Amino acid sequence: MPEKKKDLKAEHKRVYDLFSRFRQAKQALETKWVVNILTTFTYEKWMFTDRVQNIERLDKFINSDTARLHMKTQKILPIFRALFSKIIKTNPIIRAAPEGLDAQNDFGAELSESILKEQYTKWKRFGLNSRNAFWLLMTGNAFSKNVFNPKKGALIPTASGAEALRKGEIETEAISPFEVYQPMNVLSIEHAPIAMQTVLMLRKDAMAQFNMIKKGEGSVDTNIWRNKLLLSGSPFEITYTSTSSEDYIEMIIVYERPTDEHPKGNMYIMTDKQIVKDYGELDIPDNEIPLCQGKFIETGFAFGETPISFLVPIDREISLYRGQLAVHAEKLANPIPCLPYKSKISSEEFGNRHAKVFRYDERTGKPFWLQPAEMSQYFFNNLNRLEMDMQDIASIHDPSMGKRPEGVRSGLHQAYMSEEDDQQHSPTIDNFFNMYVSLGTKLLKLSKKHYKETRSIKIFGKENIYYAKFSGKDLQENPNVDIYVAGGMPSNRVAKQSMVMQLTAGGMITTNEGREILEFGEMDPIFRKDYKDKVRQRIEIQKIKDKKLKEVKVTRLENHIIHIRVVVDWIKSSEFETSMDEEQKEFTFKHLEEHVKALVELFTTAPVLAATCMDATHIDQRFVQFLSSEIELYQKRQAYMEQKRAAKLAAAKQAAQAENRELSPEEEGDIGAEAGNQAADEFEQEQRNKAQSVSGVPPQIAMLQKMMNQTMQGQGEGQPPEEGGQ
């Protein structure tokens with residue numbers, strides 16, 4: 001069904017009415033965020049003077065100069081720094097899974113994973129990650145989006161060679177939550193039917209880009225707190241300096257998901273008066289809203305919450321307590337001098353200063369100083385409780401801020417106490433990096449759409465060095481991106497060192513792997529060593545299912561142990577038993593036997609290469625026993641085959657000499673191969689006959705029983721024999 005021609009005036013009225021409602025609903029929330037920022041990054045304490053948008057400094061309502069002077073205590077900033085550190089120091093594990101089990105999808109997943117690792121390195125280096133973490137802590141929300149900029153990127157020559165064009169580049173932006181508007185009842189921006197982003201531009205720049213804008217259109221009130229913050233970029237500036245006098249205009253970017261009326265969605269740029277650019281549709285793959293959101297505390301609604309909002313009133317209360325304490329200390333330091341009414345002592349002589357003296361109504365008496373009443377212990381207990389409440393709300397206690405609690409003498413004990421705080425922050429960090437999952441997925445889709453030319457990717461990190469060339473067609477249609485942040489290692493360095501030493505001492509990891517973990521931070525690179533072989537074997541299994549694998553191909557450089565485990569797991573599955581025909585089952589067992597033969601042969605003929613390919617440090621001791629028996633059997637078989645081959649070749653040569661001729665190289669090769677195959681068959685049959693004559697069971701089971709008997713005999717050595725009848 002063709003789309004109807006848009007009435008831009010009616011469309012502007014509809015969308016701007018939505019925007020006005022969204023802004024009105026969000027107004028109190030934005031003011032609370034302003035208070036969070038001002039309280040954290042200035043010495044002032046702020047409070048609402050109404051329920052929506054007006055705020056004032058608390059010291060304006062305090063009469064005592066001493067109290068105002070001592071109400072500058074900053075208790076939130078250390079907590080902010082500790083929370084910020086926990087987010088920034090997290091090392092995410094980025095993964096891209098293949099869309100299908102084939103070599104092309106495997107390559108596309110590997111390429112996608114490398115692109116995201118390179119991009120995340122840039123996001124950290126150029127401050128996007130830090131900016132998102134800042135907004136997450138101050139407002140409980142972080143927003144980012146990808147934009148394809150055709151004017152950026154490397155230059156490429158045209159066909160004529162006289163001009164050059166830009167390849168274009170995908171840019172990622174961290175968006176302030178003050179600039180994002182959406183329905184308040186949605187779960188997140190990913191579920192919003194419509195979302196809007198505001199941008200403050202200088203009027204001259206906006207008019208140069210959109211010549212239909214008129215004077216006075218979209219004017220910005222620079223006295224509003226949100227605008228002062230966005231334009232100044234510094235809480236100190238908006239508190240102590242005047243607002244900007246330049247002429248700004250507010251542009252609104254509208255993203256609307258597909259509807260029945262507009263199947264490809266809508267995308268506008270508009271002011272408060274008109275739509276200045278109509279893109280016609282969402283110029284984004286899958287018609288998705290480009291904005292991605294992360295939350296600190298999930299609320300179940302459009303915007304998340306931050307513990308800073310709950311710390312602000314406690315911090316304000318602590319400041320009032322500190323102010324009262326300062327006033328009381330001043331009174332203690334300056335007691336009121338008291339003299340009898342008829343005393344001849346002057347005020348200067350009594351106090352040695354110019355001070356107001358209290359004359360009490362007695363003719364004679366001793367002079368004294370009037371001391372204020374002592375503050376109750378409840379006052380100090382309550383002050384301590386307030387500070388403890390701040391730590392509990394933020395889940396940031398002394399160990400998380402690098403302080404050693406009283407009674408703690410062990411650095412490891414302190415490290416594990418810090419881990420207790422980390423456990424409470426793990427959902428927050430998961431939510432934060434879920435934003436990057438969505439951001440990375442959309443980035444890969446944009447790359448596939450816009451990257452037509454060949455590009456290069458370079459990763460020079462501590463984990464690996466990677467360089468490749470690619471274009472958009474090499475990427476997957478629907479990338480499966482995931483980011484893991486909850487690894488098996490503690491985040492604290494002391495606790496990590498202790499765990500690594502225990503794993504190394506227990507033989508679970510090697511010394512070199514222990515050094516890798518201490519350097520890279522996680523065990524993931526170690527477990528990833530097996531990943532490629534698992535994927536490739538699953539690809540082979542999929543080809544067996546589709547009957548596309550016609551012959552068994554096993555190479556020496558594969559980790560045959562991993563391949564065998566994957567195949568055996570599949571053979572045990574109900575799918576193999578019920579869905580595979582006899583031909584597929586026979587091919588699978590043949591494939592399994594080839595891996596077993598290649599494994600034994602490689603360990604026998606090239607043990608160093610085998611240990612490298614199959615990571616021999618992780619081979620179980622029981623497996624070594626089985627492998628040793630197999631190697632011994634392999635060596636006997638090879639010796640028997642060589643003996644038979646030599647005997648048959650000698651007999652053939654003797655027969656040829658009797659005929660006065662010599663064997664050709666081709667004849668020698670054929671005779672040797674035939675003798676070798678015949679000897680191998682004879683050897684295998686002999687081994688089967690021996691096993692069946694002893695136990696009547698297959699040779700593998702007989703070998704297992706023999707090894708178990710040897711193990712039991714070894715355990716029984718040195719024990720007294722059992723007495724009869726017991």
# chains A, B, ... in the order shown; residues from 1 in each chain; ligands from 1
$ residues_around --residues "region 209-225 of chain A" --least-positions-apart "3" --cutoff "9 Å" --atoms "only C-alpha atoms" --output "count of residues only"
29
$ residues_around --residues "region 111-114 of chain A" --least-positions-apart "5" --cutoff "12 Å" --atoms "only C-alpha atoms" --output "ChimeraX atom specification"
/A:93-99,104-106,119-121,437,440-445,447-448,455-461,463-483
$ write_last_selection --atoms "C-alpha atoms" --output "PDB file, in the first residue's frame"
ATOM      1  CA  ILE A  93      34.543  -9.590  27.186  1.00  0.00           C
ATOM      2  CA  ILE A  94      33.167  -8.863  23.704  1.00  0.00           C
ATOM      3  CA  ARG A  95      31.775 -11.757  21.682  1.00  0.00           C
ATOM      4  CA  ALA A  96      30.104 -12.116  18.281  1.00  0.00           C
ATOM      5  CA  ALA A  97      28.594 -15.532  17.589  1.00  0.00           C
ATOM      6  CA  PRO A  98      28.283 -16.941  14.049  1.00  0.00           C
ATOM      7  CA  GLU A  99      24.865 -16.527  12.480  1.00  0.00           C
ATOM      8  CA  GLN A 104      31.605 -17.693   5.873  1.00  0.00           C
ATOM      9  CA  ASN A 105      29.551 -16.978   8.987  1.00  0.00           C
ATOM     10  CA  ASP A 106      32.467 -17.986  11.184  1.00  0.00           C
ATOM     11  CA  GLN A 119      35.686   0.462  18.429  1.00  0.00           C
ATOM     12  CA  TYR A 120      35.525  -0.115  22.186  1.00  0.00           C
ATOM     13  CA  THR A 121      39.221   0.742  22.438  1.00  0.00           C
ATOM     14  CA  VAL A 437      25.559  -4.626  23.106  1.00  0.00           C
ATOM     15  CA  GLY A 440      27.624  -2.554  18.799  1.00  0.00           C
ATOM     16  CA  THR A 441      24.860  -4.459  16.995  1.00  0.00           C
ATOM     17  CA  LYS A 442      23.596  -1.269  15.350  1.00  0.00           C
ATOM     18  CA  LEU A 443      27.149  -0.235  14.475  1.00  0.00           C
ATOM     19  CA  LEU A 444      27.730  -3.527  12.636  1.00  0.00           C
ATOM     20  CA  LYS A 445      24.456  -3.147  10.730  1.00  0.00           C
ATOM     21  CA  SER A 447      28.840  -0.866   8.654  1.00  0.00           C
ATOM     22  CA  LYS A 448      27.292  -3.539   6.435  1.00  0.00           C
ATOM     23  CA  ARG A 455      38.632  -0.860   4.810  1.00  0.00           C
ATOM     24  CA  SER A 456      41.205  -1.987   7.310  1.00  0.00           C
ATOM     25  CA  ILE A 457      40.936  -2.874  10.954  1.00  0.00           C
ATOM     26  CA  LYS A 458      43.877  -2.741  13.344  1.00  0.00           C
ATOM     27  CA  ILE A 459      43.985  -3.917  16.950  1.00  0.00           C
ATOM     28  CA  PHE A 460      47.232  -3.523  18.834  1.00  0.00           C
ATOM     29  CA  GLY A 461      46.234  -4.391  22.364  1.00  0.00           C
ATOM     30  CA  GLU A 463      45.622  -9.370  24.340  1.00  0.00           C
ATOM     31  CA  ASN A 464      46.477  -9.668  20.652  1.00  0.00           C
ATOM     32  CA  ILE A 465      47.664  -8.004  17.464  1.00  0.00           C
ATOM     33  CA  TYR A 466      45.105  -8.190  14.664  1.00  0.00           C
ATOM     34  CA  TYR A 467      45.053  -6.666  11.195  1.00  0.00           C
ATOM     35  CA  ALA A 468      42.577  -7.364   8.414  1.00  0.00           C
ATOM     36  CA  LYS A 469      40.870  -5.812   5.406  1.00  0.00           C
ATOM     37  CA  PHE A 470      37.113  -6.016   4.936  1.00  0.00           C
ATOM     38  CA  SER A 471      34.042  -4.421   3.425  1.00  0.00           C
ATOM     39  CA  GLY A 472      30.415  -4.380   4.490  1.00  0.00           C
ATOM     40  CA  LYS A 473      29.537  -7.497   2.494  1.00  0.00           C
ATOM     41  CA  ASP A 474      31.875  -9.570   4.700  1.00  0.00           C
ATOM     42  CA  LEU A 475      29.765  -8.874   7.799  1.00  0.00           C
ATOM     43  CA  GLN A 476      26.767 -10.872   8.974  1.00  0.00           C
ATOM     44  CA  GLU A 477      23.214  -9.781   8.177  1.00  0.00           C
ATOM     45  CA  ASN A 478      22.053 -10.210  11.767  1.00  0.00           C
ATOM     46  CA  PRO A 479      25.070 -10.038  14.075  1.00  0.00           C
ATOM     47  CA  ASN A 480      24.763 -11.808  17.421  1.00  0.00           C
ATOM     48  CA  VAL A 481      26.677  -9.594  19.837  1.00  0.00           C
ATOM     49  CA  ASP A 482      27.115 -10.179  23.536  1.00  0.00           C
ATOM     50  CA  ILE A 483      29.293  -8.582  26.207  1.00  0.00           C
TER      51      ILE A 483
END
$ residues_around --residues "Ile297 (chain A)" --least-positions-apart "6" --cutoff "9 Å" --atoms "only C-alpha atoms" --output "number ranges by chain"
A: 140-141, 304-307, 427-428, 431
$ write_last_selection --atoms "all heavy atoms" --output "compact mmCIF listing (two decimals), in the first residue's frame"
# COMPACT_ATOMS: atom_id res chain seq x y z
N GLY A 140 21.41 8.42 36.44
CA GLY A 140 20.89 7.06 36.39
C GLY A 140 20.68 6.56 34.98
O GLY A 140 20.18 5.44 34.78
N ASN A 141 21.09 7.36 33.96
CA ASN A 141 20.86 6.99 32.57
C ASN A 141 22.07 7.36 31.73
O ASN A 141 22.75 8.36 32.00
CB ASN A 141 19.64 7.72 32.00
CG ASN A 141 18.37 7.42 32.77
OD1 ASN A 141 17.68 6.45 32.51
ND2 ASN A 141 18.06 8.27 33.74
N GLY A 304 16.03 5.55 34.32
CA GLY A 304 16.53 4.88 35.51
C GLY A 304 16.76 5.85 36.65
O GLY A 304 16.53 7.06 36.54
N GLU A 305 17.22 5.32 37.76
CA GLU A 305 17.48 6.13 38.95
C GLU A 305 18.93 5.93 39.37
O GLU A 305 19.58 4.95 39.00
CB GLU A 305 16.53 5.71 40.08
CG GLU A 305 16.55 6.60 41.31
CD GLU A 305 16.30 8.06 41.01
OE1 GLU A 305 17.31 8.77 40.74
OE2 GLU A 305 15.14 8.49 41.03
N THR A 306 19.45 6.89 40.12
CA THR A 306 20.82 6.83 40.60
C THR A 306 20.84 6.99 42.12
O THR A 306 20.01 7.73 42.68
CB THR A 306 21.67 7.95 39.96
OG1 THR A 306 22.94 8.01 40.60
CG2 THR A 306 20.99 9.30 40.09
N PRO A 307 21.76 6.33 42.81
CA PRO A 307 21.84 6.51 44.27
C PRO A 307 22.24 7.92 44.66
O PRO A 307 22.00 8.32 45.80
CB PRO A 307 22.90 5.49 44.69
CG PRO A 307 23.67 5.16 43.46
CD PRO A 307 22.71 5.31 42.33
N PRO A 427 24.61 -5.83 38.77
CA PRO A 427 23.49 -5.54 37.85
C PRO A 427 23.63 -4.20 37.15
O PRO A 427 23.26 -4.07 35.98
CB PRO A 427 22.26 -5.56 38.78
CG PRO A 427 22.68 -6.33 39.98
CD PRO A 427 24.14 -6.04 40.15
N THR A 428 24.17 -3.21 37.87
CA THR A 428 24.36 -1.89 37.25
C THR A 428 25.35 -1.97 36.10
O THR A 428 25.11 -1.42 35.01
CB THR A 428 24.89 -0.90 38.31
OG1 THR A 428 23.88 -0.70 39.30
CG2 THR A 428 25.24 0.44 37.67
N ASN A 431 23.76 -3.66 33.14
CA ASN A 431 22.88 -2.74 32.41
C ASN A 431 23.67 -1.75 31.57
O ASN A 431 23.29 -1.43 30.44
CB ASN A 431 21.98 -1.98 33.39
CG ASN A 431 20.90 -2.84 33.99
OD1 ASN A 431 20.54 -3.87 33.42
ND2 ASN A 431 20.39 -2.46 35.14
$ atom_distance --atom1 "CA of Ile544 (chain A)" --atom2 "CA of Phe587 (chain A)"
7.9 Å
$ select_by_dssp --residues "region 270-461 of chain A" --states "helix (DSSP H, G or I)" --output "compact mmCIF listing (two decimals) with N, CA and C atoms, in the first residue's frame"
# COMPACT_ATOMS: atom_id res chain seq x y z
N PRO A 285 19.28 0.64 9.40
CA PRO A 285 18.90 -0.75 9.15
C PRO A 285 17.83 -1.23 10.12
N ASP A 286 16.88 -2.00 9.58
CA ASP A 286 15.76 -2.57 10.36
C ASP A 286 14.85 -1.50 10.93
N ASN A 287 14.99 -0.25 10.47
CA ASN A 287 14.12 0.84 10.93
C ASN A 287 14.09 0.97 12.45
N ILE A 308 22.84 8.68 43.75
CA ILE A 308 23.21 10.06 44.06
C ILE A 308 21.98 10.86 44.48
N SER A 309 20.84 10.58 43.85
CA SER A 309 19.60 11.30 44.21
C SER A 309 19.21 11.08 45.66
N PHE A 310 19.53 9.91 46.20
CA PHE A 310 19.20 9.60 47.59
C PHE A 310 20.30 10.05 48.54
N LEU A 311 21.49 10.28 48.01
CA LEU A 311 22.58 10.77 48.85
C LEU A 311 22.51 12.27 49.08
N VAL A 312 21.92 13.00 48.13
CA VAL A 312 21.89 14.47 48.22
C VAL A 312 21.20 14.95 49.50
N PRO A 313 19.98 14.49 49.84
CA PRO A 313 19.37 14.98 51.08
C PRO A 313 20.15 14.58 52.33
N ILE A 314 20.79 13.40 52.33
CA ILE A 314 21.60 13.01 53.49
C ILE A 314 22.83 13.90 53.60
N ASP A 315 23.45 14.18 52.45
CA ASP A 315 24.61 15.07 52.46
C ASP A 315 24.22 16.46 52.96
N ARG A 316 23.03 16.91 52.58
CA ARG A 316 22.54 18.21 53.05
C ARG A 316 22.33 18.19 54.57
N GLU A 317 21.80 17.08 55.07
CA GLU A 317 21.56 16.96 56.51
C GLU A 317 22.88 16.93 57.28
N ILE A 318 23.87 16.21 56.73
CA ILE A 318 25.19 16.17 57.37
C ILE A 318 25.79 17.57 57.42
N SER A 319 25.61 18.34 56.36
CA SER A 319 26.14 19.71 56.34
C SER A 319 25.49 20.57 57.42
N LEU A 320 24.18 20.41 57.62
CA LEU A 320 23.51 21.15 58.69
C LEU A 320 24.07 20.75 60.06
N TYR A 321 24.30 19.46 60.24
CA TYR A 321 24.90 19.00 61.50
C TYR A 321 26.29 19.61 61.68
N ARG A 322 27.09 19.61 60.61
CA ARG A 322 28.44 20.16 60.70
C ARG A 322 28.38 21.65 61.01
N GLY A 323 27.39 22.35 60.42
CA GLY A 323 27.24 23.78 60.71
C GLY A 323 26.90 24.02 62.17
N GLN A 324 25.97 23.21 62.72
CA GLN A 324 25.64 23.34 64.14
C GLN A 324 26.86 23.05 65.02
N LEU A 325 27.63 22.06 64.64
CA LEU A 325 28.82 21.72 65.40
C LEU A 325 29.83 22.86 65.38
N ALA A 326 29.96 23.53 64.25
CA ALA A 326 30.89 24.66 64.15
C ALA A 326 30.43 25.83 65.01
N VAL A 327 29.13 26.09 65.00
CA VAL A 327 28.59 27.18 65.83
C VAL A 327 28.83 26.87 67.30
N HIS A 328 28.61 25.62 67.71
CA HIS A 328 28.83 25.24 69.11
C HIS A 328 30.31 25.36 69.47
N ALA A 329 31.20 24.96 68.56
CA ALA A 329 32.63 25.07 68.83
C ALA A 329 33.04 26.53 68.98
N GLU A 330 32.42 27.41 68.20
CA GLU A 330 32.73 28.84 68.32
C GLU A 330 32.29 29.36 69.69
N LYS A 331 31.17 28.90 70.17
CA LYS A 331 30.70 29.33 71.49
C LYS A 331 31.63 28.82 72.59
N LEU A 332 32.10 27.59 72.43
CA LEU A 332 33.03 27.06 73.42
C LEU A 332 34.33 27.85 73.44
N ALA A 333 34.79 28.28 72.29
CA ALA A 333 36.04 29.04 72.20
C ALA A 333 35.87 30.48 72.66
N SER A 347 35.77 45.48 81.56
CA SER A 347 35.65 44.38 80.60
C SER A 347 36.99 44.04 79.96
N GLU A 348 37.82 45.08 79.69
CA GLU A 348 39.11 44.83 79.06
C GLU A 348 40.03 44.07 80.00
N GLU A 349 39.99 44.42 81.27
CA GLU A 349 40.83 43.73 82.24
C GLU A 349 40.39 42.28 82.44
N PHE A 350 39.10 42.04 82.37
CA PHE A 350 38.60 40.70 82.63
C PHE A 350 38.88 39.74 81.46
N GLY A 351 38.55 40.22 80.26
CA GLY A 351 38.72 39.36 79.10
C GLY A 351 39.95 39.67 78.30
N GLN A 377 25.34 13.08 73.36
CA GLN A 377 25.97 12.02 72.58
C GLN A 377 25.08 11.60 71.41
N TYR A 378 23.79 11.79 71.57
CA TYR A 378 22.86 11.45 70.49
C TYR A 378 23.19 12.23 69.22
N PHE A 379 23.61 13.50 69.39
CA PHE A 379 23.95 14.33 68.24
C PHE A 379 25.05 13.66 67.41
N PHE A 380 26.11 13.19 68.06
CA PHE A 380 27.24 12.59 67.35
C PHE A 380 26.87 11.20 66.81
N ASN A 381 26.07 10.46 67.57
CA ASN A 381 25.63 9.16 67.08
C ASN A 381 24.80 9.29 65.81
N ASN A 382 23.93 10.28 65.80
CA ASN A 382 23.08 10.48 64.63
C ASN A 382 23.91 10.91 63.43
N LEU A 383 24.94 11.74 63.66
CA LEU A 383 25.83 12.16 62.58
C LEU A 383 26.54 10.95 61.99
N ASN A 384 27.01 10.04 62.83
CA ASN A 384 27.68 8.82 62.35
C ASN A 384 26.72 7.92 61.58
N ARG A 385 25.47 7.86 62.06
CA ARG A 385 24.49 7.03 61.36
C ARG A 385 24.20 7.58 59.96
N LEU A 386 24.16 8.89 59.84
CA LEU A 386 23.92 9.49 58.52
C LEU A 386 25.04 9.12 57.56
N GLU A 387 26.27 9.17 58.01
CA GLU A 387 27.39 8.82 57.14
C GLU A 387 27.36 7.33 56.79
N MET A 388 26.95 6.49 57.72
CA MET A 388 26.82 5.06 57.42
C MET A 388 25.68 4.80 56.44
N ASP A 389 24.61 5.58 56.57
CA ASP A 389 23.50 5.46 55.61
C ASP A 389 23.96 5.78 54.19
N MET A 390 24.80 6.78 54.05
CA MET A 390 25.31 7.12 52.73
C MET A 390 26.09 5.95 52.14
N GLN A 391 26.92 5.31 52.93
CA GLN A 391 27.70 4.18 52.44
C GLN A 391 26.79 3.01 52.05
N ASP A 392 25.75 2.76 52.86
CA ASP A 392 24.86 1.64 52.56
C ASP A 392 24.05 1.90 51.30
N ILE A 393 23.56 3.13 51.12
CA ILE A 393 22.76 3.44 49.94
C ILE A 393 23.60 3.31 48.67
N ALA A 394 24.83 3.81 48.72
CA ALA A 394 25.70 3.76 47.54
C ALA A 394 26.40 2.42 47.39
N ASP A 398 34.26 1.59 53.22
CA ASP A 398 35.68 1.99 53.31
C ASP A 398 36.60 1.17 52.41
N PRO A 399 36.49 -0.16 52.34
CA PRO A 399 37.41 -0.91 51.46
C PRO A 399 37.31 -0.50 49.99
N SER A 400 36.11 -0.12 49.54
CA SER A 400 35.96 0.29 48.14
C SER A 400 36.62 1.63 47.86
N MET A 401 36.85 2.41 48.90
CA MET A 401 37.52 3.70 48.73
C MET A 401 38.98 3.64 49.14
N GLY A 411 45.46 -7.57 53.76
CA GLY A 411 45.08 -6.94 52.50
C GLY A 411 44.09 -7.80 51.73
N LEU A 412 44.22 -9.12 51.83
CA LEU A 412 43.29 -10.01 51.15
C LEU A 412 41.89 -9.89 51.76
N HIS A 413 41.83 -9.78 53.08
CA HIS A 413 40.54 -9.59 53.75
C HIS A 413 39.88 -8.30 53.26
N GLN A 414 40.66 -7.24 53.16
CA GLN A 414 40.12 -5.97 52.68
C GLN A 414 39.66 -6.09 51.23
N ALA A 415 40.41 -6.85 50.42
CA ALA A 415 40.04 -7.02 49.02
C ALA A 415 38.69 -7.73 48.89
N TYR A 416 38.49 -8.77 49.70
CA TYR A 416 37.22 -9.50 49.63
C TYR A 416 36.06 -8.67 50.18
N MET A 417 36.35 -7.77 51.12
CA MET A 417 35.29 -6.86 51.58
C MET A 417 34.89 -5.91 50.46
N SER A 418 35.86 -5.48 49.66
CA SER A 418 35.54 -4.66 48.50
C SER A 418 34.71 -5.42 47.48
N GLU A 419 34.99 -6.72 47.34
CA GLU A 419 34.22 -7.55 46.41
C GLU A 419 32.75 -7.63 46.82
N GLU A 420 32.47 -7.53 48.11
CA GLU A 420 31.07 -7.55 48.57
C GLU A 420 30.31 -6.36 47.99
N ASP A 421 30.96 -5.19 47.94
CA ASP A 421 30.32 -4.03 47.29
C ASP A 421 30.15 -4.29 45.80
N ASP A 422 31.15 -4.91 45.17
CA ASP A 422 31.09 -5.16 43.74
C ASP A 422 29.90 -6.04 43.37
N GLN A 423 29.56 -6.98 44.25
CA GLN A 423 28.43 -7.86 43.97
C GLN A 423 27.14 -7.07 43.82
N GLN A 424 26.97 -6.03 44.63
CA GLN A 424 25.75 -5.24 44.55
C GLN A 424 25.74 -4.35 43.30
N HIS A 425 26.93 -4.06 42.76
CA HIS A 425 26.99 -3.21 41.57
C HIS A 425 26.99 -4.01 40.28
N SER A 426 27.04 -5.33 40.36
CA SER A 426 27.09 -6.13 39.13
C SER A 426 25.86 -5.94 38.23
N PRO A 427 24.61 -5.83 38.77
CA PRO A 427 23.49 -5.54 37.85
C PRO A 427 23.63 -4.20 37.15
N THR A 428 24.17 -3.21 37.87
CA THR A 428 24.36 -1.89 37.25
C THR A 428 25.35 -1.97 36.10
N ILE A 429 26.46 -2.65 36.31
CA ILE A 429 27.47 -2.75 35.26
C ILE A 429 26.94 -3.58 34.10
N ASP A 430 26.13 -4.60 34.39
CA ASP A 430 25.49 -5.37 33.31
C ASP A 430 24.59 -4.47 32.47
N ASN A 431 23.76 -3.66 33.14
CA ASN A 431 22.88 -2.74 32.41
C ASN A 431 23.67 -1.75 31.57
N PHE A 432 24.77 -1.26 32.13
CA PHE A 432 25.59 -0.28 31.42
C PHE A 432 26.15 -0.89 30.14
N PHE A 433 26.67 -2.11 30.23
CA PHE A 433 27.28 -2.71 29.05
C PHE A 433 26.24 -3.34 28.12
N ASN A 434 25.02 -3.55 28.59
CA ASN A 434 23.95 -3.95 27.67
C ASN A 434 23.68 -2.85 26.65
N MET A 435 23.91 -1.60 27.06
CA MET A 435 23.81 -0.49 26.11
C MET A 435 24.83 -0.68 24.99
N TYR A 436 26.03 -1.13 25.34
CA TYR A 436 27.06 -1.33 24.32
C TYR A 436 26.75 -2.53 23.44
N VAL A 437 26.01 -3.51 23.96
CA VAL A 437 25.56 -4.63 23.11
C VAL A 437 24.67 -4.09 21.99
N SER A 438 23.68 -3.29 22.36
CA SER A 438 22.79 -2.70 21.37
C SER A 438 23.54 -1.75 20.46
N LEU A 439 24.43 -0.95 21.04
CA LEU A 439 25.21 0.01 20.25
C LEU A 439 26.10 -0.72 19.25
N GLY A 440 26.76 -1.80 19.69
CA GLY A 440 27.62 -2.55 18.80
C GLY A 440 26.86 -3.25 17.69
N THR A 441 25.68 -3.80 18.01
CA THR A 441 24.86 -4.46 16.99
C THR A 441 24.45 -3.47 15.91
N LYS A 442 24.01 -2.28 16.33
CA LYS A 442 23.60 -1.27 15.35
C LYS A 442 24.78 -0.74 14.55
N LEU A 443 25.95 -0.67 15.19
CA LEU A 443 27.15 -0.24 14.47
C LEU A 443 27.51 -1.22 13.36
N LEU A 444 27.41 -2.52 13.65
CA LEU A 444 27.73 -3.53 12.64
C LEU A 444 26.73 -3.48 11.49
N LYS A 445 25.46 -3.24 11.79
CA LYS A 445 24.46 -3.15 10.73
C LYS A 445 24.70 -1.92 9.86
N LEU A 446 25.06 -0.80 10.48
CA LEU A 446 25.40 0.40 9.70
C LEU A 446 26.64 0.15 8.85
N SER A 447 27.62 -0.57 9.41
CA SER A 447 28.84 -0.87 8.65
C SER A 447 28.52 -1.70 7.42
N LYS A 448 27.65 -2.70 7.58
CA LYS A 448 27.29 -3.54 6.44
C LYS A 448 26.57 -2.72 5.36
N LYS A 449 25.79 -1.74 5.79
CA LYS A 449 25.02 -0.94 4.83
C LYS A 449 25.88 0.09 4.11
N HIS A 450 26.77 0.77 4.84
CA HIS A 450 27.46 1.93 4.27
C HIS A 450 28.91 1.66 3.84
$ atom_distance --atom1 "CA of Glu682 (chain A)" --atom2 "CA of Lys636 (chain A)"
12.5 Å
$ residues_around --residues "Asp530 (chain A)" --least-positions-apart "4" --cutoff "8 Å" --atoms "only C-alpha atoms" --output "list in words"
Lys534, Asn559 and Ile562 of chain A
$ closest_residue --among "A:Ala652, A:Ala28, A:Ala302, A:Leu38" --to "Leu187 (chain A)" --atoms "only C-alpha atoms"
A:Ala302
$ decode --residues "region 543-551 of chain A" --atoms "N, CA and C atoms" --output "JSON list (two decimals), in the first residue's frame"
[["chain", "number", "residue", "atom", "x", "y", "z"],
["A", 543, "LYS", "N", 27.51, -29.91, 8.44],
["A", 543, "LYS", "CA", 27.64, -30.42, 7.07],
["A", 543, "LYS", "C", 27.25, -31.90, 6.99],
["A", 544, "ILE", "N", 27.56, -32.65, 8.05],
["A", 544, "ILE", "CA", 27.13, -34.05, 8.09],
["A", 544, "ILE", "C", 25.60, -34.12, 8.13],
["A", 545, "LYS", "N", 24.98, -33.24, 8.92],
["A", 545, "LYS", "CA", 23.51, -33.22, 8.97],
["A", 545, "LYS", "C", 22.91, -32.90, 7.61],
["A", 546, "ASP", "N", 23.55, -31.95, 6.90],
["A", 546, "ASP", "CA", 23.04, -31.53, 5.58],
["A", 546, "ASP", "C", 23.53, -32.43, 4.46],
["A", 547, "LYS", "N", 24.33, -33.46, 4.81],
["A", 547, "LYS", "CA", 24.91, -34.39, 3.83],
["A", 547, "LYS", "C", 25.77, -33.66, 2.79],
["A", 548, "LYS", "N", 26.50, -32.64, 3.26],
["A", 548, "LYS", "CA", 27.40, -31.89, 2.37],
["A", 548, "LYS", "C", 28.85, -32.28, 2.57],
["A", 549, "LEU", "N", 29.15, -33.07, 3.59],
["A", 549, "LEU", "CA", 30.52, -33.48, 3.85],
["A", 549, "LEU", "C", 30.70, -34.88, 3.26],
["A", 550, "LYS", "N", 31.40, -34.95, 2.12],
["A", 550, "LYS", "CA", 31.49, -36.20, 1.38],
["A", 550, "LYS", "C", 32.68, -37.06, 1.78],
["A", 551, "GLU", "N", 33.74, -36.44, 2.31],
["A", 551, "GLU", "CA", 34.91, -37.21, 2.69],
["A", 551, "GLU", "C", 35.47, -36.65, 4.00]]
